[in-house]
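A.B. asks: Mind looking over this structure? Questions follow.
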Amino acid sequence: MSEDIIINTSLSKAEKYVELIPQLKSLVDGEDNAVANIANIMAALKYTMNFFWVGVYWVDDKELVLGPFQGPVACTRIAYGKGVCGTAWQKSETIIVDDVDAFPGHIACSSASKSEIVVPIFYQQKVIGVLDVDSDQLSTFDNDDAEALQHVCDILSSVHSGNIK
Ligand code: SME
C-alpha cells in the first residue's frame with residue numbers, strides 16, 4: 001500500500017478526484033482485509049476532499065447497516081426506501097440533494113448536514129451498499145462528484161467482494 005495521499009490543494013475539485021482515484025487503488029494494493037481498506041478509503045476521501053461526513057452503508061437483508069466512515073457518529077440502520085440512502089438503494093441511482101430539508105424523508109444524523117450525495121455500490125448488477133457524503137454547506141455536490149464517486153464505488157465494490165488483493 002502507499003503510505004500517503006498527495007493531492008495538489010490548488011487544483012479544482014474535478015482535478016483533485018483525477019489525482020485521488022489512482023491513489024485509492026494504490027492504498028488498498030496488497031491488503032486483503034476489506035474493513036481496513038474501506039476505512040482507509042474513507043479517511044483519504046474525507047481529508048483530501050474536505051468532506052463533512054463520508055461513509056458506506058451495506059445492504060443487510062431489508063436494511064442498510066453502517067460501515068466504515070469518517071465524521072460525526074451516524075445512524076446505524078436505514079430501511080429500504082427510507083431517507084436519501086434507502087431511496088438511492090431502491091432506485092439504484094445516484095441522488096444529489098442540494099438542501100436536505102427539502103428532501104421528503106431525509107434522515108438527519110447530524111443537524112449540521114445541509115446537502116448530500118448518495119451513490120449506489122453495485123456488484124454483479126445488484127446494489128450491495130451505498131456511499132454517502134454529507135456537506136455542512138448547501139448545494140455542495142454536482143455531476144463531477146457523481147462521476148468521480150461512481151469510480152470510488154467501483155473500487156469499494158472490488159474491495160468488499162474480495163476482488164482486490
Ligand atoms: N442523511 C442520510 C442518513 C445517513 S447520514 O447522512 C450519515 C439519509 O437520509 O439517508
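Ordered as shown in the C-alpha cells, chains take letters A, B, and onward, while each chain numbers its residues from 1 and ligands are numbered from 1 in the order shown.
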Given a cut-off of 8 Å, what residues near ligand 1 show up using only C-alpha atoms and all ligand atoms, put as a list of chain:residue names?
C.D. replies: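 The residues near ligand 1 are A:Trp53, A:Val54, A:Gly55, A:Val73, A:Ala74, A:Cys75, A:Ile78, A:Lys82, A:Gly83, A:Val84, A:Cys85, A:Gly86, A:Thr87, A:Val100, A:Gly105, A:His106, A:Ile107, A:Ala108, A:Cys109, A:Ser110, A:Ser113, A:Glu116, A:Asp132, A:Val133, A:Asp134.
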A.B. asks: Set out as JSON lines a contact list for region 76-157 of chain A and region 3-27 of chain A with a cut-off of 9 Å, giving each residue of region 76-157 of chain A that qualifies its closest atom pair and distance in Å to one decimal, counting only C-alpha atoms, ordered by chain and rising residue number.
C.D. replies:
```
{"residue": "A:Asp144", "atom": "CA", "partner": "A:Ala14", "partner_atom": "CA", "distance": 5.9}
{"residue": "A:Asp145", "atom": "CA", "partner": "A:Ala14", "partner_atom": "CA", "distance": 7.5}
{"residue": "A:Ala148", "atom": "CA", "partner": "A:Tyr17", "partner_atom": "CA", "distance": 6.3}
{"residue": "A:Leu149", "atom": "CA", "partner": "A:Tyr17", "partner_atom": "CA", "distance": 8.5}
{"residue": "A:His151", "atom": "CA", "partner": "A:Ile21", "partner_atom": "CA", "distance": 7.5}
{"residue": "A:Val152", "atom": "CA", "partner": "A:Ile21", "partner_atom": "CA", "distance": 6.9}
{"residue": "A:Ile155", "atom": "CA", "partner": "A:Lys25", "partner_atom": "CA", "distance": 7.2}
```
A.B. asks: Which value, in Å to one decimal, gives the distance between CA of Val130 (chain A) and CA of Met42 (chain A)?
C.D. replies: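 Value for the CA of Val130 (chain A)-CA of Met42 (chain A) distance: 12.8 Å.
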A.B. asks: Give me the residues within 10 Å of Ile96 (chain A) as a PyMOL selection string, counting only C-alpha atoms and dropping any in the same chain fewer than 2 places off.
C.D. replies: chain A and resi 84+88+93-94+98-100+115-119+133+139-143+145-146
A.B. asks: Tell me, as a ChimeraX atom specification, which residues lie within 9 Å of Ile121 (chain A), counting only C-alpha atoms; anything in the same chain fewer than 2 positions away does not count.
C.D. replies: /A:58,89,92,119,123,126-131,150,152-154,156-157
A.B. asks: What would the file look like if the residues just selected were written as a PDB file, in the first residue's frame with C-alpha atoms?
C.D. replies:
```
ATOM      1  CA  TRP A  58     -24.009  -2.034   3.295  1.00  0.00           C
ATOM      2  CA  TRP A  89     -30.749   1.821  -2.980  1.00  0.00           C
ATOM      3  CA  SER A  92     -30.436   2.001  -7.958  1.00  0.00           C
ATOM      4  CA  VAL A 119     -24.074   6.775  -4.825  1.00  0.00           C
ATOM      5  CA  TYR A 123     -21.697  -5.900  -7.530  1.00  0.00           C
ATOM      6  CA  LYS A 126     -27.071  -5.609  -7.757  1.00  0.00           C
ATOM      7  CA  VAL A 127     -26.844  -2.812  -5.203  1.00  0.00           C
ATOM      8  CA  ILE A 128     -24.740  -4.101  -2.299  1.00  0.00           C
ATOM      9  CA  GLY A 129     -24.387  -0.787  -0.494  1.00  0.00           C
ATOM     10  CA  VAL A 130     -24.207   2.973  -0.868  1.00  0.00           C
ATOM     11  CA  LEU A 131     -21.532   5.623  -0.480  1.00  0.00           C
ATOM     12  CA  GLN A 150     -19.036   6.197  -9.067  1.00  0.00           C
ATOM     13  CA  VAL A 152     -14.783   5.194  -5.993  1.00  0.00           C
ATOM     14  CA  CYS A 153     -17.815   2.889  -5.628  1.00  0.00           C
ATOM     15  CA  ASP A 154     -16.298   0.514  -8.214  1.00  0.00           C
ATOM     16  CA  LEU A 156     -15.309  -0.218  -2.916  1.00  0.00           C
ATOM     17  CA  SER A 157     -17.214  -2.994  -4.675  1.00  0.00           C
TER      18      SER A 157
END
```
A.B. asks: Can you check which residues of region 40-148 of chain A DSSP gives as helix (DSSP H, G or I) on the backbone and send them as a PyMOL selection string?
C.D. replies: chain A and resi 40-49+83-91+100-102+143-148
A.B. asks: For Ala79 (chain A), please output as a PyMOL selection string all residues within 7 Å (counting only C-alpha atoms; exclusion window: fewer than 4 positions along the same chain).
C.D. replies: chain A and resi 62-64+86
A.B. asks: Write the residues of the selection above to a file with all heavy atoms, as a short mmCIF file (atom, residue, chain, number, x, y, z; two decimals), in the first residue's frame.
C.D. replies:
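The new file again.cif reads:
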```
data_model
loop_
_atom_site.label_atom_id
_atom_site.label_comp_id
_atom_site.auth_asym_id
_atom_site.auth_seq_id
_atom_site.Cartn_x
_atom_site.Cartn_y
_atom_site.Cartn_z
N LYS A 62 -33.15 -6.39 4.53
CA LYS A 62 -34.03 -5.30 4.08
C LYS A 62 -33.59 -3.93 4.58
O LYS A 62 -34.34 -2.95 4.52
CB LYS A 62 -35.47 -5.57 4.55
CG LYS A 62 -36.07 -6.81 3.89
CD LYS A 62 -37.50 -7.03 4.35
CE LYS A 62 -38.15 -8.19 3.63
NZ LYS A 62 -37.44 -9.48 3.79
N GLU A 63 -32.38 -3.87 5.11
CA GLU A 63 -31.88 -2.62 5.66
C GLU A 63 -30.47 -2.35 5.16
O GLU A 63 -29.79 -3.25 4.68
CB GLU A 63 -31.80 -2.71 7.20
CG GLU A 63 -33.13 -2.80 7.88
CD GLU A 63 -32.95 -2.93 9.40
OE1 GLU A 63 -32.05 -3.64 9.86
OE2 GLU A 63 -33.74 -2.30 10.11
N LEU A 64 -30.06 -1.09 5.35
CA LEU A 64 -28.65 -0.75 5.19
C LEU A 64 -28.05 -0.68 6.59
O LEU A 64 -28.70 -0.19 7.52
CB LEU A 64 -28.51 0.63 4.52
CG LEU A 64 -29.00 0.73 3.09
CD1 LEU A 64 -29.12 2.20 2.68
CD2 LEU A 64 -28.05 0.00 2.14
N GLY A 86 -31.65 5.04 1.59
CA GLY A 86 -32.58 3.95 1.24
C GLY A 86 -33.25 4.19 -0.10
O GLY A 86 -33.60 3.23 -0.82
#
```
A.B. asks: Quick one: of A:Gly162, A:Gly67, A:Gly30, A:Gly81, who's nearest to Pro104 (chain A), counting only C-alpha atoms?
C.D. replies: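 Using only C-alpha atoms, Pro104 (chain A) sits closest to A:Gly81.
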